>>> print(open('data-v4.txt').read())   # compact mmCIF, C-alpha atoms
# COMPACT_ATOMS: atom_id res chain seq x y z
CA MET A 24 11.86 7.55 17.10
CA GLU A 25 10.30 10.34 15.01
CA ALA A 26 6.80 9.43 16.29
CA VAL A 27 8.03 9.56 19.90
CA VAL A 28 9.59 12.99 19.37
CA GLU A 29 6.38 14.20 17.73
CA ARG A 30 4.29 12.92 20.66
CA GLU A 31 6.54 14.64 23.21
CA ALA A 32 6.35 17.89 21.23
CA LEU A 33 2.54 17.67 21.23
CA ARG A 34 2.42 17.06 24.97
CA GLN A 35 4.75 19.97 25.66
CA ARG A 36 2.58 22.39 23.69
CA ALA A 37 -0.60 20.88 25.18
CA ASP A 38 0.83 21.67 28.62
CA PHE A 39 1.78 25.25 27.71
CA THR A 40 -0.24 26.59 30.61
CA TYR A 41 -0.08 23.73 33.07
CA LYS A 42 2.21 23.85 36.07
CA PHE A 43 2.46 21.68 39.16
CA ASN A 44 4.30 23.08 42.17
CA ALA A 45 5.79 20.11 44.02
CA LYS A 46 6.67 22.26 47.02
CA THR A 47 3.13 23.46 47.74
CA GLY A 48 1.22 20.67 46.02
CA ARG A 49 -0.76 23.17 43.96
CA HIS A 50 -1.80 22.92 40.35
CA GLY A 51 -2.06 25.67 37.78
CA TRP A 52 -5.59 25.41 36.48
CA LEU A 53 -5.41 25.53 32.74
CA ARG A 54 -4.94 21.82 32.53
CA LEU A 55 -8.39 21.63 30.97
CA THR A 56 -7.27 18.62 28.99
CA PRO A 57 -5.50 16.16 31.33
CA ALA A 58 -3.33 13.36 29.99
CA TYR A 59 -6.14 10.81 29.59
CA SER A 60 -8.20 13.25 27.47
CA LEU A 61 -5.21 14.03 25.28
CA LYS A 62 -4.75 10.31 24.78
CA ILE A 63 -8.42 9.92 23.76
CA VAL A 64 -8.05 12.67 21.18
CA GLU A 65 -4.76 11.28 19.86
CA ASP A 66 -6.11 7.74 19.59
CA LEU A 67 -9.18 8.88 17.67
CA ILE A 68 -7.10 10.92 15.22
CA VAL A 69 -4.66 8.05 14.64
CA GLN A 70 -7.53 5.59 14.15
CA HIS A 71 -9.09 7.84 11.49
CA ASP A 72 -6.15 8.30 9.15
CA GLN A 73 -8.52 9.05 6.27
CA ALA A 74 -9.90 12.14 8.03
CA LYS A 75 -8.04 15.16 6.68
CA ARG A 76 -10.17 17.96 8.19
CA ILE A 77 -11.02 17.69 11.88
CA LEU A 78 -13.34 20.03 13.76
CA ASP A 79 -13.63 20.78 17.46
CA PRO A 80 -16.58 23.16 17.96
CA PHE A 81 -15.74 23.62 21.68
CA CYS A 82 -12.14 24.82 21.73
CA GLY A 83 -11.13 24.70 25.39
CA THR A 84 -7.35 25.05 25.27
CA GLY A 85 -7.16 23.91 21.64
CA THR A 86 -6.00 20.34 22.21
CA THR A 87 -7.94 18.73 19.33
CA ALA A 88 -6.72 21.25 16.75
CA LEU A 89 -3.19 20.98 18.15
CA SER A 90 -3.20 17.18 18.03
CA ALA A 91 -4.63 17.17 14.50
CA ALA A 92 -1.86 19.52 13.37
CA TYR A 93 0.86 17.37 14.95
CA HIS A 94 -0.52 14.37 13.08
CA GLY A 95 -0.31 16.21 9.79
CA ARG A 96 -4.02 17.04 9.43
CA GLU A 97 -5.99 20.28 9.40
CA GLY A 98 -7.56 20.95 12.80
CA VAL A 99 -10.11 23.73 13.22
CA THR A 100 -11.67 24.82 16.50
CA ILE A 101 -14.15 27.48 17.65
CA ASP A 102 -14.72 29.39 20.87
CA LEU A 103 -16.65 32.43 22.08
CA ASN A 104 -14.05 33.27 24.71
CA PRO A 105 -11.39 35.61 23.24
CA PHE A 106 -8.82 34.50 25.81
CA LEU A 107 -9.15 30.85 24.80
CA VAL A 108 -8.91 31.86 21.14
CA TRP A 109 -5.70 33.79 21.91
CA LEU A 110 -4.27 30.85 23.84
CA GLY A 111 -5.28 28.33 21.19
CA ARG A 112 -3.62 30.40 18.49
CA ALA A 113 -0.41 30.63 20.49
CA LYS A 114 -0.42 26.85 20.94
CA THR A 115 -1.20 25.92 17.33
CA ALA A 116 0.96 28.51 15.54
CA THR A 117 4.02 27.71 13.48
CA TYR A 118 7.10 29.62 14.64
CA SER A 119 10.19 30.38 12.56
CA SER A 120 13.70 29.92 13.96
CA ALA A 121 14.12 33.70 13.85
CA GLU A 122 10.97 34.20 15.92
CA ILE A 123 12.13 31.63 18.48
CA ALA A 124 15.53 33.36 18.75
CA SER A 125 13.82 36.72 19.14
CA ALA A 126 11.54 35.32 21.86
CA ARG A 127 14.55 33.99 23.78
CA ALA A 128 16.23 37.38 23.53
CA ALA A 129 13.07 39.13 24.73
CA CYS A 130 12.90 36.72 27.66
CA ALA A 131 16.50 37.49 28.63
CA ALA A 132 15.81 41.23 28.37
CA THR A 133 12.67 40.86 30.51
CA ILE A 134 14.52 38.97 33.23
CA ASP A 135 17.37 41.49 33.18
CA LEU A 136 14.89 44.34 33.56
CA ILE A 137 13.24 42.61 36.53
CA LYS A 138 16.57 41.92 38.25
CA ARG A 139 17.69 45.53 37.77
CA GLN A 140 14.31 46.76 39.03
CA GLY A 141 14.34 48.87 35.90
CA VAL A 142 10.60 49.07 35.36
CA ALA A 143 7.69 50.51 37.32
CA PRO A 144 5.03 47.91 38.15
CA ALA A 145 1.89 47.75 36.04
CA SER A 146 -1.44 48.41 37.73
CA GLU A 147 -3.08 45.52 39.53
CA PRO A 148 -5.92 43.99 37.51
CA PRO A 149 -9.41 44.78 38.88
CA LEU A 150 -9.99 41.21 40.01
CA HIS A 151 -12.36 40.99 42.97
CA ASN A 152 -10.56 40.02 46.20
CA ILE A 153 -7.22 39.97 44.43
CA GLU A 154 -5.41 39.87 47.77
CA ARG A 155 -6.96 36.45 48.31
CA TRP A 156 -5.34 35.19 45.13
CA TRP A 157 -1.83 36.55 45.70
CA ASN A 158 0.21 37.71 48.67
CA PRO A 159 1.62 41.27 48.39
CA LYS A 160 5.14 40.16 47.42
CA GLU A 161 3.92 37.87 44.64
CA LEU A 162 1.39 40.43 43.45
CA ASN A 163 4.06 43.12 43.16
CA PHE A 164 6.34 40.74 41.27
CA LEU A 165 3.59 39.90 38.76
CA CYS A 166 2.84 43.59 38.21
CA CYS A 167 6.54 44.23 37.55
CA LEU A 168 6.78 41.20 35.29
CA LYS A 169 3.79 42.28 33.20
CA ALA A 170 5.32 45.76 32.83
CA ALA A 171 8.71 44.31 31.86
CA ILE A 172 7.17 42.12 29.14
CA ALA A 173 5.34 45.16 27.78
CA GLU A 174 8.64 47.07 27.77
CA THR A 175 10.68 44.42 25.94
CA THR A 176 8.13 43.24 23.35
CA LYS A 177 5.83 44.80 20.79
CA GLU A 178 2.06 44.60 21.03
CA ARG A 179 0.60 41.59 19.15
CA SER A 180 4.09 40.23 18.50
CA VAL A 181 5.11 36.56 18.66
CA GLU A 182 7.57 37.43 21.43
CA ARG A 183 4.86 38.96 23.60
CA ALA A 184 2.43 36.10 22.98
CA LEU A 185 4.93 33.46 24.09
CA LEU A 186 6.11 35.42 27.13
CA MET A 187 2.51 36.07 28.18
CA VAL A 188 1.76 32.34 27.96
CA ALA A 189 4.71 31.83 30.31
CA PHE A 190 3.33 34.64 32.47
CA CYS A 191 0.08 32.66 32.78
CA ARG A 192 2.01 29.66 34.08
CA THR A 193 3.89 31.76 36.59
CA LEU A 194 0.92 33.74 37.89
CA MET A 195 -1.00 30.62 38.83
CA LYS A 196 2.00 28.92 40.36
CA LEU A 197 2.46 31.94 42.64
CA SER A 198 -1.21 32.13 43.57
CA ASN A 199 -2.95 30.97 46.74
CA ALA A 200 -5.48 29.00 44.66
CA ALA A 201 -5.56 25.24 44.20
CA PHE A 202 -7.27 23.53 41.26
CA ASN A 203 -6.57 19.88 41.93
CA HIS A 204 -10.28 19.06 42.09
CA GLN A 205 -13.40 20.03 40.14
CA SER A 206 -13.58 23.57 41.51
CA MET A 207 -11.00 25.71 43.22
CA SER A 208 -10.06 26.53 46.79
CA PHE A 209 -7.69 28.89 48.58
CA LYS A 210 -5.19 28.43 51.35
CA ASP A 211 -6.58 29.03 54.80
CA GLU A 212 -5.12 31.77 57.02
CA GLY A 213 -2.73 29.38 58.71
CA GLN A 214 -1.24 28.30 55.41
CA LEU A 215 -0.94 31.89 54.25
CA LYS A 216 1.44 32.60 57.14
CA ILE A 217 3.89 30.07 55.72
CA ASP A 218 6.35 32.05 53.62
CA PHE A 219 7.84 29.71 51.05
CA GLU A 220 11.12 31.04 49.70
CA VAL A 221 10.36 31.12 46.00
CA ASP A 222 12.69 32.35 43.28
CA MET A 223 9.96 34.10 41.32
CA THR A 224 12.26 35.38 38.58
CA GLY A 225 13.73 31.90 38.24
CA ASP A 226 10.24 30.42 38.04
CA PHE A 227 9.35 32.73 35.18
CA ALA A 228 12.62 31.93 33.42
CA ASP A 229 11.82 28.20 33.68
CA ASP A 230 8.28 28.74 32.43
CA ALA A 231 9.43 30.87 29.50
CA ARG A 232 12.07 28.31 28.57
CA PHE A 233 9.44 25.55 28.62
CA VAL A 234 7.02 27.52 26.46
CA ILE A 235 9.62 28.69 23.93
CA ASP A 236 11.14 25.21 23.66
CA GLY A 237 7.65 23.85 22.93
CA ALA A 238 7.04 26.58 20.37
CA SER A 239 10.23 25.63 18.53
CA GLN A 240 8.82 22.18 17.68
CA ASN A 241 6.35 22.94 14.91
CA PRO A 242 3.51 20.63 13.85
CA ALA A 243 3.46 19.24 10.31
CA GLY A 244 -0.20 20.11 9.74
CA ILE A 245 -2.41 23.15 10.21
CA GLY A 246 -4.21 24.36 13.32
CA ALA A 247 -6.81 27.13 13.11
CA VAL A 248 -8.56 28.69 16.11
CA LEU A 249 -11.59 30.84 15.30
CA LEU A 250 -13.67 33.22 17.38
CA GLY A 251 -17.30 32.19 16.99
CA ASP A 252 -20.47 30.64 18.40
CA SER A 253 -20.64 26.85 18.31
CA ARG A 254 -24.40 27.10 17.78
CA ASN A 255 -23.67 28.56 14.33
CA PRO A 256 -20.41 26.98 13.15
CA ALA A 257 -21.17 27.67 9.48
CA ASP A 258 -20.84 31.40 10.25
CA VAL A 259 -17.13 31.03 10.98
CA VAL A 260 -15.80 27.86 9.32
CA ALA A 261 -15.54 27.14 5.60
CA GLY A 262 -15.83 23.81 3.87
CA LYS A 263 -16.81 20.38 5.17
CA PHE A 264 -15.24 18.24 7.90
CA ASP A 265 -14.62 14.48 7.94
CA LEU A 266 -14.31 14.09 11.69
CA VAL A 267 -15.48 15.90 14.82
CA ILE A 268 -13.77 15.32 18.17
CA THR A 269 -14.86 17.51 21.05
CA SER A 270 -15.66 17.71 24.72
CA PRO A 271 -18.55 20.16 25.09
CA PRO A 272 -19.47 21.84 28.36
CA TYR A 273 -21.17 19.42 30.73
CA ALA A 274 -24.60 20.04 32.20
CA ASN A 275 -23.13 20.71 35.62
CA ARG A 276 -23.54 24.48 35.91
CA MET A 277 -19.81 24.99 36.19
CA SER A 278 -18.78 28.41 34.95
CA TYR A 279 -15.62 28.14 32.88
CA ILE A 280 -15.51 31.93 32.67
CA ARG A 281 -15.37 32.12 36.46
CA GLU A 282 -12.40 29.76 36.59
CA LEU A 283 -10.60 31.65 33.82
CA ARG A 284 -10.96 35.05 35.51
CA PRO A 285 -7.38 35.44 36.79
CA TYR A 286 -5.91 34.96 33.33
CA MET A 287 -8.51 37.12 31.61
CA TYR A 288 -8.08 40.03 34.03
CA TRP A 289 -4.29 39.94 33.98
CA LEU A 290 -4.22 39.79 30.17
CA ASP A 291 -6.84 42.57 29.84
CA PHE A 292 -9.57 40.41 28.30
CA LEU A 293 -11.81 41.40 31.23
CA THR A 294 -12.11 44.64 33.14
CA ASN A 295 -15.23 44.06 35.26
CA GLY A 296 -17.48 41.35 36.62
CA ARG A 297 -20.45 42.33 34.49
CA ASP A 298 -18.57 41.55 31.29
CA ALA A 299 -17.62 38.17 32.74
CA GLY A 300 -21.26 37.39 33.47
CA GLU A 301 -22.28 38.62 30.02
CA LEU A 302 -19.80 36.27 28.35
CA ASP A 303 -20.97 33.42 30.56
CA TRP A 304 -24.56 34.00 29.47
CA GLN A 305 -23.55 33.73 25.82
CA THR A 306 -21.74 30.42 26.26
CA ILE A 307 -23.29 26.98 26.62
CA GLY A 308 -23.46 25.42 30.05
CA GLY A 309 -22.15 28.14 32.33
CA THR A 310 -24.15 30.47 34.54
CA TRP A 311 -22.52 32.83 36.98
CA GLY A 312 -23.14 36.41 38.10
CA ILE A 313 -25.74 38.16 35.97
CA ALA A 314 -26.17 35.00 33.92
CA THR A 315 -27.72 33.27 36.94
CA SER A 316 -30.20 36.07 37.56
CA ARG A 317 -31.29 35.99 33.92
CA LEU A 318 -32.33 32.36 34.15
CA SER A 319 -35.50 33.24 36.04
CA ALA A 320 -36.70 35.38 33.12
CA TRP A 321 -35.50 33.10 30.34
CA GLU A 322 -38.11 31.24 28.28
CA ARG A 323 -37.55 28.25 26.05
CA PRO A 324 -37.47 29.12 22.34
CA ILE A 325 -40.10 27.96 19.88
CA GLU A 326 -37.42 25.80 18.21
CA GLN A 327 -36.80 23.99 21.48
CA PHE A 328 -35.72 20.38 21.78
CA LYS A 329 -38.90 18.39 22.38
CA SER A 330 -38.28 15.21 24.33
CA LYS A 331 -40.31 13.24 26.86
CA GLN A 332 -37.08 12.11 28.51
CA LEU A 333 -35.98 15.72 28.94
CA ALA A 334 -39.44 16.87 30.05
CA ASP A 335 -39.52 14.19 32.76
CA ALA A 336 -36.05 15.19 33.99
CA LEU A 337 -36.98 18.89 34.10
CA ASP A 338 -40.18 18.15 36.01
CA LYS A 339 -38.34 16.04 38.57
CA ILE A 340 -35.66 18.69 39.14
CA SER A 341 -38.17 21.56 39.42
CA HIS A 342 -40.19 19.67 42.05
CA ALA A 343 -37.19 18.66 44.12
CA ASP A 344 -37.30 19.56 47.79
CA ASN A 345 -35.02 22.55 47.29
CA LYS A 346 -35.66 26.24 46.74
CA ASN A 347 -33.33 26.26 43.71
CA GLY A 348 -35.14 23.45 41.92
CA VAL A 349 -36.97 25.70 39.46
CA VAL A 350 -33.91 27.72 38.43
CA LEU A 351 -31.84 24.55 38.02
CA SER A 352 -34.58 23.03 35.88
CA THR A 353 -34.46 26.17 33.71
CA TYR A 354 -30.68 25.88 33.49
CA VAL A 355 -30.89 22.27 32.28
CA ALA A 356 -33.55 23.22 29.72
CA LYS A 357 -31.37 26.04 28.37
CA TYR A 358 -28.34 23.77 28.21
CA PHE A 359 -30.10 21.19 26.04
CA ASP A 360 -31.83 23.79 23.88
CA ASP A 361 -28.41 25.35 23.22
CA MET A 362 -26.94 21.95 22.38
CA TRP A 363 -29.92 21.27 20.09
CA ALA A 364 -29.11 24.48 18.22
CA HIS A 365 -25.46 23.40 18.07
CA PHE A 366 -26.21 19.98 16.57
CA LYS A 367 -28.49 21.53 13.96
CA GLY A 368 -25.75 23.98 13.03
CA LEU A 369 -23.13 21.22 13.02
CA SER A 370 -24.90 19.28 10.27
CA LEU A 371 -24.26 22.18 7.87
CA VAL A 372 -20.47 21.75 8.02
CA LEU A 373 -20.16 17.96 7.86
CA ALA A 374 -19.06 15.96 4.83
CA GLU A 375 -21.15 12.97 3.85
CA GLY A 376 -20.24 10.03 6.07
CA ALA A 377 -18.53 12.25 8.66
CA GLU A 378 -18.00 10.70 12.08
CA ILE A 379 -18.49 12.61 15.33
CA HIS A 380 -17.24 11.96 18.86
CA TYR A 381 -18.62 13.93 21.82
CA ILE A 382 -16.84 13.26 25.11
CA VAL A 383 -19.40 14.20 27.76
CA GLY A 384 -20.52 13.16 31.24
CA ASN A 385 -23.96 12.75 32.73
CA SER A 386 -25.05 14.84 35.73
CA THR A 387 -27.18 14.76 38.84
CA PHE A 388 -29.36 17.52 40.27
CA TYR A 389 -30.83 16.80 43.71
CA SER A 390 -30.43 13.05 43.12
CA SER A 391 -32.13 13.36 39.71
CA LEU A 392 -29.91 11.79 37.08
CA VAL A 393 -29.73 13.67 33.78
CA SER A 394 -28.50 11.22 31.12
CA THR A 395 -26.78 13.72 28.86
CA GLU A 396 -25.42 11.01 26.58
CA LEU A 397 -28.91 9.57 25.90
CA LEU A 398 -30.36 13.02 25.23
CA TYR A 399 -27.50 13.72 22.80
CA ALA A 400 -28.27 10.42 21.09
CA GLU A 401 -31.96 11.35 20.84
CA MET A 402 -31.11 14.72 19.28
CA LEU A 403 -28.71 13.19 16.78
CA LYS A 404 -31.19 10.52 15.70
CA GLU A 405 -33.89 13.14 15.11
CA LEU A 406 -31.49 15.16 12.95
CA GLY A 407 -30.64 12.23 10.69
CA PHE A 408 -27.43 10.86 12.20
CA HIS A 409 -27.11 7.07 12.28
CA HIS A 410 -25.16 4.26 13.94
CA ILE A 411 -25.32 6.20 17.20
CA GLU A 412 -23.52 4.71 20.18
CA CYS A 413 -22.94 5.89 23.76
CA ARG A 414 -19.69 4.25 24.77
CA PRO A 415 -18.71 4.57 28.47
CA ILE A 416 -15.14 5.73 29.00
CA ARG A 417 -14.60 6.08 32.74
CA LYS A 418 -16.19 6.98 36.07
CA ARG A 419 -16.11 10.72 36.71
CA ASN A 420 -15.68 10.50 40.48
CA SER A 421 -16.64 8.38 43.47
CA LYS A 422 -20.35 8.55 42.63
CA LYS A 423 -21.01 5.33 40.76
CA GLU A 424 -23.75 6.85 38.60
CA LEU A 425 -21.53 9.60 37.18
CA ILE A 426 -19.85 8.36 34.02
CA GLU A 427 -18.08 9.95 31.07
CA PHE A 428 -19.14 8.77 27.62
CA ASP A 429 -18.01 8.97 24.03
CA VAL A 430 -21.18 9.68 22.04
CA ILE A 431 -20.48 8.48 18.51
CA ALA A 432 -22.56 9.05 15.38
CA PHE A 433 -22.27 9.22 11.59
CA TRP A 434 -23.69 11.88 9.31
CA LYS A 435 -25.91 10.67 6.47
>>> encode(input="data-v4.txt", output="structure tokens")
Amino acid sequence: MEAVVEREALRQRADFTYKFNAKTGRHGWLRLTPAYSLKIVEDLIVQHDQAKRILDPFCGTGTTALSAAYHGREGVTIDLNPFLVWLGRAKTATYSSAEIASARAACAATIDLIKRQGVAPASEPPLHNIERWWNPKELNFLCCLKAAIAETTKERSVERALLMVAFCRTLMKLSNAAFNHQSMSFKDEGQLKIDFEVDMTGDFADDARFVIDGASQNPAGIGAVLLGDSRNPADVVAGKFDLVITSPPYANRMSYIRELRPYMYWLDFLTNGRDAGELDWQTIGGTWGIATSRLSAWERPIEQFKSKQLADALDKISHADNKNGVVLSTYVAKYFDDMWAHFKGLSLVLAEGAEIHYIVGNSTFYSSLVSTELLYAEMLKELGFHHIECRPIRKRNSKKELIEFDVIAFWK
């Protein structure tokens, strides 16, 4: 029974910022780690009971570190995005009973303030086309809610962190965006005319209750979320790790910063589009805004990953019958050069005999298949890893050639 309770507590915290609205059929986006991925992570941690220190160099929403902590281990994760670091810390933290009681009281005070209309709304975040994301009524409510949370909690307090996580759930539930596929879409004009009667205050109360209840169930182990660059993990982590479980960005040119914008603007992690593009340029795998324009001037470093397999793929993409072939070829080159730098940096923080698992999918560009898993395997072999295996996990979508793999290797 204790294991079942522990598993449910893990899933509740893992879903801190996931919300499905049955009425509209819309999903809140931050379900970066769906149930099957959480199961993969859990199974790997359980299977490696000798691994006491577990690293995830690509944080996402902190699921690996969270799962490691709930299984009594030390889980450490890294990310360049300050919002994901904030979220990961909220999810992996240990909360005292006094802090939980204080958070519940702050929630009640926030709701009372909203109902009494006792607070002036905060300013709308400078998100481009914000009226496309939220209708006026919902937008005004969110501005009032943000102001009420600021009024009833202290800056950088546990109470504010938990209520702002709940705020993230509510803001996406009330939005016109849908994230139930790889990218996002918005309601069309006809759908926008449908005025669903939504108890917005009640929705926030439910979300806050869910988050605070999850926060009250502390993990037995330790979860640490660090701000840093995965290409240089030794700059931010200390000591050696027995096990690595991660899902790095895929080579699909999907900007995670772009999808995170609503949260980052509302929570003041972003104030303009240029900063979003700048952060995207620093991360691995995402190009959007100014990051895309910089690709044309980018040149491969001297310490590039040299591979005939990669060179053939780049040549095929660049000569595709499409005007964007050259820039996409450059993107793919940068992606693998960045991952090459990451794997070199990773070796510095691994204990002897450490085992690594990289959950990653292959990609296609103009019908040219890029076998990411095989290129990872080639990199790892060159760096001295052994017993390398690319184990298929599942099909990614209806295209039969697109598959997700677990790339497994052992450090010497």
>>> residues_around(input="data-v4.txt", residues="Lys423 of chain A", least_positions_apart="3", cutoff="12 Å", atoms="all atoms listed in the file", output="PDB file with C-alpha atoms, in the frame of the given file")
ATOM      1  CA  ASN A 385     -23.960  12.750  32.730  1.00  0.00           C
ATOM      2  CA  SER A 386     -25.050  14.840  35.730  1.00  0.00           C
ATOM      3  CA  THR A 387     -27.180  14.760  38.840  1.00  0.00           C
ATOM      4  CA  LEU A 392     -29.910  11.790  37.080  1.00  0.00           C
ATOM      5  CA  ARG A 417     -14.600   6.080  32.740  1.00  0.00           C
ATOM      6  CA  LYS A 418     -16.190   6.980  36.070  1.00  0.00           C
ATOM      7  CA  ARG A 419     -16.110  10.720  36.710  1.00  0.00           C
ATOM      8  CA  ASN A 420     -15.680  10.500  40.480  1.00  0.00           C
ATOM      9  CA  ILE A 426     -19.850   8.360  34.020  1.00  0.00           C
ATOM     10  CA  GLU A 427     -18.080   9.950  31.070  1.00  0.00           C
TER      11      GLU A 427
END
>>> atom_distance(input="data-v4.txt", atom1="atom CA of Gly296 of chain A", atom2="atom CA of Leu165 of chain A")
21.2 Å
>>> closest_residue(input="data-v4.txt", among="A:Pro285, A:Gly368, A:Pro324, A:Gly300", to="Thr193 of chain A", atoms="only C-alpha atoms")
A:Pro285
>>> atom_distance(input="data-v4.txt", atom1="atom CA of Ile137 of chain A", atom2="atom CA of Ala113 of chain A")
24.2 Å
>>> closest_residue(input="data-v4.txt", among="A:Ala143, A:Leu89, A:Ala356, A:Ala299", to="Glu174 of chain A", atoms="all atoms listed in the file")
A:Ala143
>>> decode(input="data-v4.txt", residues="segment 158-180 of chain A", atoms="N, CA and C atoms", output="compact mmCIF listing (two decimals), in the first residue's frame")
# COMPACT_ATOMS: atom_id res chain seq x y z
N ASN A 158 -9.83 35.64 -23.99
CA ASN A 158 -10.92 36.58 -24.18
C ASN A 158 -10.85 37.65 -23.10
N PRO A 159 -11.47 38.81 -23.31
CA PRO A 159 -11.35 39.91 -22.34
C PRO A 159 -11.72 39.55 -20.91
N LYS A 160 -12.80 38.79 -20.74
CA LYS A 160 -13.24 38.44 -19.38
C LYS A 160 -12.20 37.58 -18.67
N GLU A 161 -11.68 36.58 -19.37
CA GLU A 161 -10.67 35.70 -18.78
C GLU A 161 -9.37 36.45 -18.52
N LEU A 162 -9.02 37.34 -19.45
CA LEU A 162 -7.78 38.11 -19.30
C LEU A 162 -7.87 39.02 -18.07
N ASN A 163 -9.00 39.65 -17.88
CA ASN A 163 -9.17 40.52 -16.71
C ASN A 163 -9.11 39.71 -15.42
N PHE A 164 -9.73 38.52 -15.43
CA PHE A 164 -9.69 37.68 -14.24
C PHE A 164 -8.25 37.30 -13.90
N LEU A 165 -7.46 36.92 -14.90
CA LEU A 165 -6.08 36.51 -14.65
C LEU A 165 -5.24 37.67 -14.11
N CYS A 166 -5.49 38.86 -14.64
CA CYS A 166 -4.78 40.04 -14.13
C CYS A 166 -5.14 40.30 -12.66
N CYS A 167 -6.41 40.15 -12.33
CA CYS A 167 -6.84 40.32 -10.93
C CYS A 167 -6.27 39.23 -10.04
N LEU A 168 -6.25 38.01 -10.55
CA LEU A 168 -5.73 36.89 -9.78
C LEU A 168 -4.24 37.06 -9.49
N LYS A 169 -3.49 37.46 -10.50
CA LYS A 169 -2.05 37.69 -10.29
C LYS A 169 -1.83 38.77 -9.23
N ALA A 170 -2.61 39.85 -9.30
CA ALA A 170 -2.49 40.93 -8.31
C ALA A 170 -2.87 40.45 -6.91
N ALA A 171 -3.90 39.61 -6.82
CA ALA A 171 -4.34 39.11 -5.51
C ALA A 171 -3.28 38.21 -4.88
N ILE A 172 -2.64 37.38 -5.69
CA ILE A 172 -1.58 36.51 -5.16
C ILE A 172 -0.42 37.36 -4.66
N ALA A 173 -0.09 38.40 -5.40
CA ALA A 173 0.98 39.31 -4.97
C ALA A 173 0.63 40.02 -3.67
N GLU A 174 -0.66 40.29 -3.48
CA GLU A 174 -1.12 40.99 -2.28
C GLU A 174 -1.10 40.09 -1.04
N THR A 175 -1.37 38.80 -1.22
CA THR A 175 -1.54 37.90 -0.07
C THR A 175 -0.31 37.06 0.25
N THR A 176 0.73 37.16 -0.57
CA THR A 176 1.95 36.37 -0.34
C THR A 176 3.18 37.25 -0.43
N LYS A 177 4.27 36.79 0.14
CA LYS A 177 5.54 37.51 0.06
C LYS A 177 6.35 37.03 -1.14
N GLU A 178 7.14 37.93 -1.69
CA GLU A 178 7.99 37.58 -2.82
C GLU A 178 8.96 36.46 -2.42
N ARG A 179 9.13 35.51 -3.31
CA ARG A 179 10.02 34.34 -3.14
C ARG A 179 9.60 33.45 -1.96
N SER A 180 8.37 33.53 -1.54
CA SER A 180 7.89 32.68 -0.46
C SER A 180 7.35 31.37 -1.01
